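**Student:** Supplied in structure tokens, the structure appears directly below.
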Amino acid sequence: MIRERAVPSDSAAWLGTANNVILAVFKGVVGLLFDSRALLADALYSAADAAAGIAEKVQLPQSARQRLRLGHGAGGRMKAEPLAAIFFAVFLFMGALQMGGASVSTMVTGKAVAPGFMAGVAIVVSIALREIVFQLQYRQNLKKPGNASKSFIEMHRHSLYTSIIVLLGIFGAMTGEAWDIPLLLYADPAASIVVACLVLWKGYRLIVGAVYGQEEAKAEDKSAFIETVQRVHGVITVDELKLHGSGHYISVAVIISVNPRISVLEANHIANRAKILLMNRFSQVSDVSIQVMPYDPGYPYKSNYEGSNNDLPTLLQ
């Protein structure tokens with residue numbers, strides 16, 4: 001019997017999240033060692049990208065676990081989902097405010113110094129590494145139907161612009177020291193302030209997406225999605241369907257019930273067909289997560305004796 005089965009996580013998305021974590025640690029360490037506030041702010045921005053990716057991917061499993069523990073009551077099942085995103089956002093707010101305040105203090109007191117040479121090397125290496133990972137993600141997403149690549153392309157573009165700002169700040173300060181132009185020494189803390197503001201905006205969007213994106217959509221908005229999933233041969237019921245906003249695109253989280261006597265492979269095929277159908281029919285859908293549960297009519301409708309005559313048929317095409 002199928003206990004619990006989810007569609008495998010998008011490996012391209014997890015690759016991007018892991019890359020953001022590595023970049024955040026790398027740029028943070030180099031920024032501390034070689035006194036670059038702009039690189040520290042960029043490390044915080046990479047951490048924000050990683051937090052957004054993690055918060056998006058942990059939503060459905062958390063809902064499914066609470067559904068199993070608390071039953072079908074809507075009260076407790078929905079409230080805990082935004083907690084991870086809100087926790088990350090608060091951490092980002094604190095880091096961005098501290099980074100922006102320190103940079104403003106540096107500019108006001110006139111104690112700006114040029115970062116070390118390795119800070120420039122680090123930002124160039126991080127841009128190159130991000131671009132390599134992006135190309136791997138893009139090629140992997142080209143093999144998938146729908147618009148799964150749009151959201152991470154937009155995120156990559158914003159991250160690239162942020163890194164360019166940091167690059168200009170670091171090399172501007174280094175140029176000011178080399179050519180004895182004191183005004184250019186403020187390029188590094190100025191870039192840090194700009195990136196800190198971007199991190200604050202990203203944290204704000206993370207909270208808004210977690211709180212308002214988790215709200216139940218209106219019945220007329222969800223009916224088309226539910227109807228589409230129910231058309232898939234093998235789906236007995238659609239137990240839960242949620243829509244999460246992400247910029248101009250939305251992600252869909254679905255819990256479906258299938259015949260408990262089919263194999264795990266068959267259940268996975270049903271989930272994959274439902275995912276492909278949703279992404280092909282709705283152009284605004286950027287990601288679909290499907291949780292597969294065994295269908296159980298439950299007491300008092302379930303018979304105490306289940307013979308071979310009342311086996312549920314395999315509903316695969």
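Each chain in the structure tokens gets a letter, A, B and so on, in the order shown; residues start at 1 in every chain, and ligands are counted from 1 in the order they appear.
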DSSP on the backbone: which residues in stretch 96-297 of chain A end up as strand (DSSP E or B)? Give the answer as a PyMOL selection string.
**Tutor:** chain A and resi 237-246+249-258+285-294
**Student:** Any chance you could export the current selection's N, CA, C and O atoms as a tab-separated table (two decimals), in the first residue's frame?
**Tutor:**
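New file selection-v3.tsv:
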chain	number	residue	atom	x	y	z
A	237	THR	N	-9.67	11.31	-5.95
A	237	THR	CA	-10.13	12.58	-5.37
A	237	THR	C	-8.98	13.57	-5.32
A	237	THR	O	-7.81	13.19	-5.25
A	238	VAL	N	-9.33	14.85	-5.34
A	238	VAL	CA	-8.38	15.92	-5.08
A	238	VAL	C	-8.65	16.41	-3.67
A	238	VAL	O	-9.61	17.12	-3.41
A	239	ASP	N	-7.80	15.99	-2.72
A	239	ASP	CA	-8.04	16.29	-1.31
A	239	ASP	C	-7.73	17.74	-0.96
A	239	ASP	O	-8.35	18.33	-0.09
A	240	GLU	N	-6.73	18.31	-1.63
A	240	GLU	CA	-6.34	19.68	-1.30
A	240	GLU	C	-5.60	20.27	-2.48
A	240	GLU	O	-4.78	19.60	-3.13
A	241	LEU	N	-5.88	21.54	-2.78
A	241	LEU	CA	-5.17	22.24	-3.85
A	241	LEU	C	-4.96	23.68	-3.40
A	241	LEU	O	-5.90	24.35	-2.98
A	242	LYS	N	-3.72	24.13	-3.45
A	242	LYS	CA	-3.36	25.46	-2.99
A	242	LYS	C	-2.53	26.16	-4.06
A	242	LYS	O	-1.71	25.54	-4.74
A	243	LEU	N	-2.76	27.47	-4.19
A	243	LEU	CA	-2.04	28.29	-5.14
A	243	LEU	C	-1.16	29.27	-4.39
A	243	LEU	O	-1.61	29.91	-3.45
A	244	HIS	N	0.10	29.37	-4.80
A	244	HIS	CA	1.06	30.28	-4.15
A	244	HIS	C	1.56	31.26	-5.20
A	244	HIS	O	2.06	30.86	-6.24
A	245	GLY	N	1.43	32.56	-4.91
A	245	GLY	CA	1.88	33.58	-5.83
A	245	GLY	C	3.38	33.76	-5.76
A	245	GLY	O	3.97	33.74	-4.69
A	246	SER	N	4.00	33.97	-6.93
A	246	SER	CA	5.44	34.23	-7.00
A	246	SER	C	5.69	35.18	-8.17
A	246	SER	O	5.96	34.75	-9.28
A	249	TYR	N	3.97	34.70	-11.68
A	249	TYR	CA	3.68	33.29	-11.83
A	249	TYR	C	3.15	32.72	-10.52
A	249	TYR	O	3.24	33.33	-9.46
A	250	ILE	N	2.58	31.53	-10.60
A	250	ILE	CA	2.07	30.86	-9.41
A	250	ILE	C	2.59	29.43	-9.38
A	250	ILE	O	2.90	28.85	-10.42
A	251	SER	N	2.69	28.90	-8.18
A	251	SER	CA	3.01	27.48	-8.01
A	251	SER	C	1.79	26.80	-7.41
A	251	SER	O	1.03	27.40	-6.66
A	252	VAL	N	1.61	25.55	-7.76
A	252	VAL	CA	0.43	24.79	-7.36
A	252	VAL	C	0.88	23.63	-6.48
A	252	VAL	O	1.82	22.90	-6.83
A	253	ALA	N	0.24	23.48	-5.33
A	253	ALA	CA	0.49	22.37	-4.42
A	253	ALA	C	-0.79	21.54	-4.32
A	253	ALA	O	-1.84	22.07	-3.96
A	254	VAL	N	-0.68	20.27	-4.64
A	254	VAL	CA	-1.87	19.41	-4.71
A	254	VAL	C	-1.65	18.15	-3.88
A	254	VAL	O	-0.55	17.60	-3.85
A	255	ILE	N	-2.71	17.71	-3.22
A	255	ILE	CA	-2.73	16.40	-2.57
A	255	ILE	C	-3.87	15.61	-3.21
A	255	ILE	O	-5.02	16.04	-3.18
A	256	ILE	N	-3.53	14.48	-3.81
A	256	ILE	CA	-4.52	13.65	-4.49
A	256	ILE	C	-4.57	12.27	-3.85
A	256	ILE	O	-3.64	11.84	-3.16
A	257	SER	N	-5.68	11.58	-4.07
A	257	SER	CA	-5.84	10.20	-3.60
A	257	SER	C	-5.93	9.28	-4.81
A	257	SER	O	-6.59	9.60	-5.80
A	258	VAL	N	-5.26	8.13	-4.69
A	258	VAL	CA	-5.28	7.13	-5.75
A	258	VAL	C	-5.60	5.77	-5.15
A	258	VAL	O	-5.67	5.61	-3.93
A	285	VAL	N	1.49	28.97	-14.50
A	285	VAL	CA	2.00	28.03	-13.51
A	285	VAL	C	3.48	27.80	-13.76
A	285	VAL	O	3.88	27.37	-14.85
A	286	SER	N	4.29	28.08	-12.76
A	286	SER	CA	5.74	27.90	-12.89
A	286	SER	C	6.23	26.63	-12.21
A	286	SER	O	7.32	26.15	-12.51
A	287	ASP	N	5.46	26.09	-11.27
A	287	ASP	CA	5.91	24.89	-10.55
A	287	ASP	C	4.70	24.16	-10.00
A	287	ASP	O	3.71	24.80	-9.61
A	288	VAL	N	4.78	22.84	-9.98
A	288	VAL	CA	3.69	22.01	-9.46
A	288	VAL	C	4.28	20.98	-8.51
A	288	VAL	O	5.24	20.28	-8.87
A	289	SER	N	3.74	20.89	-7.31
A	289	SER	CA	4.14	19.87	-6.34
A	289	SER	C	2.91	19.01	-6.05
A	289	SER	O	1.84	19.55	-5.73
A	290	ILE	N	3.07	17.70	-6.16
A	290	ILE	CA	1.93	16.80	-5.99
A	290	ILE	C	2.27	15.76	-4.93
A	290	ILE	O	3.30	15.09	-5.01
A	291	GLN	N	1.39	15.65	-3.95
A	291	GLN	CA	1.49	14.64	-2.90
A	291	GLN	C	0.45	13.56	-3.17
A	291	GLN	O	-0.73	13.88	-3.40
A	292	VAL	N	0.87	12.32	-3.19
A	292	VAL	CA	-0.03	11.21	-3.49
A	292	VAL	C	-0.34	10.45	-2.22
A	292	VAL	O	0.57	10.03	-1.50
A	293	MET	N	-1.63	10.28	-1.94
A	293	MET	CA	-2.09	9.57	-0.76
A	293	MET	C	-2.97	8.38	-1.19
A	293	MET	O	-3.62	8.45	-2.22
A	294	PRO	N	-2.98	7.30	-0.41
A	294	PRO	CA	-3.88	6.18	-0.72
A	294	PRO	C	-5.33	6.55	-0.41
A	294	PRO	O	-5.62	7.13	0.63
**Student:** For A:Ala89, list every protein, DNA or RNA residue within 12 Å, evaluated using only C-alpha atoms, and leave out those in the same chain fewer than 2 positions away; present the list as a PDB file with C-alpha atoms, in the first residue's frame.
**Tutor:**
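File result_17.pdb, as written:
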ATOM      1  CA  LEU A  44      23.350  38.364   2.590  1.00  0.00           C
ATOM      2  CA  TYR A  45      21.554  38.665  -0.756  1.00  0.00           C
ATOM      3  CA  ALA A  47      21.374  33.964   1.653  1.00  0.00           C
ATOM      4  CA  ALA A  48      18.051  35.637   0.816  1.00  0.00           C
ATOM      5  CA  ASP A  49      17.903  33.721  -2.487  1.00  0.00           C
ATOM      6  CA  ALA A  50      18.619  30.477  -0.643  1.00  0.00           C
ATOM      7  CA  ALA A  51      15.975  31.262   1.994  1.00  0.00           C
ATOM      8  CA  ALA A  52      13.372  31.947  -0.675  1.00  0.00           C
ATOM      9  CA  ILE A  54      14.040  26.656   0.832  1.00  0.00           C
ATOM     10  CA  ALA A  55      10.815  28.302   2.020  1.00  0.00           C
ATOM     11  CA  PRO A  82       4.545  30.621   6.607  1.00  0.00           C
ATOM     12  CA  LEU A  83       6.692  30.205   9.739  1.00  0.00           C
ATOM     13  CA  ALA A  84       9.839  29.139   7.898  1.00  0.00           C
ATOM     14  CA  ALA A  85       9.599  32.020   5.416  1.00  0.00           C
ATOM     15  CA  ILE A  86       8.885  34.550   8.179  1.00  0.00           C
ATOM     16  CA  PHE A  87      11.845  33.282  10.220  1.00  0.00           C
ATOM     17  CA  PHE A  91      16.893  37.137   9.900  1.00  0.00           C
ATOM     18  CA  LEU A  92      17.376  38.974   6.591  1.00  0.00           C
ATOM     19  CA  PHE A  93      15.834  42.166   7.986  1.00  0.00           C
ATOM     20  CA  MET A  94      18.189  42.137  10.963  1.00  0.00           C
ATOM     21  CA  GLY A  95      21.249  41.477   8.806  1.00  0.00           C
ATOM     22  CA  ALA A  96      20.334  44.107   6.211  1.00  0.00           C
ATOM     23  CA  VAL A 199      17.749  42.548   0.764  1.00  0.00           C
ATOM     24  CA  LEU A 200      15.109  44.410   2.787  1.00  0.00           C
ATOM     25  CA  TRP A 201      12.838  44.426  -0.252  1.00  0.00           C
ATOM     26  CA  LYS A 202      13.457  40.729  -0.823  1.00  0.00           C
ATOM     27  CA  GLY A 203      12.664  39.953   2.812  1.00  0.00           C
ATOM     28  CA  TYR A 204       9.469  41.985   2.560  1.00  0.00           C
ATOM     29  CA  ARG A 205       8.397  40.059  -0.523  1.00  0.00           C
ATOM     30  CA  LEU A 206       9.208  36.809   1.245  1.00  0.00           C
ATOM     31  CA  ILE A 207       6.886  37.703   4.118  1.00  0.00           C
ATOM     32  CA  VAL A 208       4.124  38.931   1.815  1.00  0.00           C
ATOM     33  CA  GLY A 209       4.374  35.776  -0.266  1.00  0.00           C
ATOM     34  CA  ALA A 210       4.313  33.593   2.841  1.00  0.00           C
ATOM     35  CA  VAL A 211       1.345  35.300   4.491  1.00  0.00           C
TER      36      VAL A 211
END
**Student:** What separation in Å, quoted to one decimal, exists between atom CA of A:Phe117 and atom CA of A:Gly16?
**Tutor:**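 Computing it gives 27.3 Å between the two atoms.
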**Student:** So that I can check the surroundings of stretch 102-104 of chain A, please list as a ChimeraX atom specification every protein, DNA and RNA residue that reaches within 10 Å of it, counting only C-alpha atoms and ignoring chain neighbours fewer than 4 positions away.
**Tutor:** /A:37-38,41,96-98,108-110,112,186,188-193,196
**Student:** Would you save the residues of that selection, restricted to N, CA and C atoms, as a tab-separated table (two decimals), in the first residue's frame?
**Tutor:**
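Written output follows (again_35.tsv):
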chain	number	residue	atom	x	y	z
A	37	ARG	N	32.44	45.60	2.81
A	37	ARG	CA	31.05	45.62	3.25
A	37	ARG	C	30.12	45.28	2.09
A	38	ALA	N	30.50	45.66	0.88
A	38	ALA	CA	29.67	45.34	-0.27
A	38	ALA	C	29.60	43.83	-0.49
A	41	ALA	N	27.30	42.35	2.06
A	41	ALA	CA	25.90	42.57	1.69
A	41	ALA	C	25.47	41.62	0.58
A	96	ALA	N	20.29	42.97	7.13
A	96	ALA	CA	20.33	44.11	6.21
A	96	ALA	C	20.38	45.43	6.97
A	97	LEU	N	19.61	45.54	8.04
A	97	LEU	CA	19.63	46.78	8.83
A	97	LEU	C	20.99	47.02	9.47
A	98	GLN	N	21.58	45.95	9.99
A	98	GLN	CA	22.91	46.08	10.60
A	98	GLN	C	23.95	46.44	9.55
A	108	VAL	N	29.77	58.32	7.10
A	108	VAL	CA	29.63	59.56	7.88
A	108	VAL	C	30.92	59.90	8.61
A	109	THR	N	31.56	58.88	9.18
A	109	THR	CA	32.79	59.11	9.95
A	109	THR	C	34.01	59.30	9.06
A	110	GLY	N	33.88	59.00	7.76
A	110	GLY	CA	35.01	59.16	6.85
A	110	GLY	C	36.11	58.14	7.05
A	112	ALA	N	36.28	55.17	5.52
A	112	ALA	CA	36.21	54.18	4.45
A	112	ALA	C	37.61	53.79	3.99
A	186	TYR	N	34.49	55.48	-1.03
A	186	TYR	CA	33.12	55.31	-0.52
A	186	TYR	C	32.26	54.45	-1.44
A	188	ASP	N	32.55	51.26	-2.04
A	188	ASP	CA	32.26	49.97	-1.41
A	188	ASP	C	31.12	50.07	-0.39
A	189	PRO	N	31.17	50.99	0.59
A	189	PRO	CA	30.03	51.09	1.52
A	189	PRO	C	28.75	51.57	0.84
A	190	ALA	N	28.88	52.39	-0.22
A	190	ALA	CA	27.68	52.84	-0.94
A	190	ALA	C	27.00	51.65	-1.61
A	191	ALA	N	27.80	50.78	-2.23
A	191	ALA	CA	27.22	49.58	-2.83
A	191	ALA	C	26.58	48.69	-1.77
A	192	SER	N	27.19	48.65	-0.59
A	192	SER	CA	26.63	47.85	0.51
A	192	SER	C	25.26	48.38	0.92
A	193	ILE	N	25.08	49.69	0.96
A	193	ILE	CA	23.79	50.28	1.32
A	193	ILE	C	22.73	49.92	0.28
A	196	ALA	N	21.86	46.28	0.67
A	196	ALA	CA	21.09	46.09	1.90
A	196	ALA	C	19.63	46.47	1.68
**Student:** Which neighbours of A:Glu131 fall inside 10 Å, counting only C-alpha atoms, when residues of the same chain fewer than 5 positions from it are skipped, and could you give them as an MDAnalysis selection string?
**Tutor:** chainID A and resid 125:126 136:137 156 160
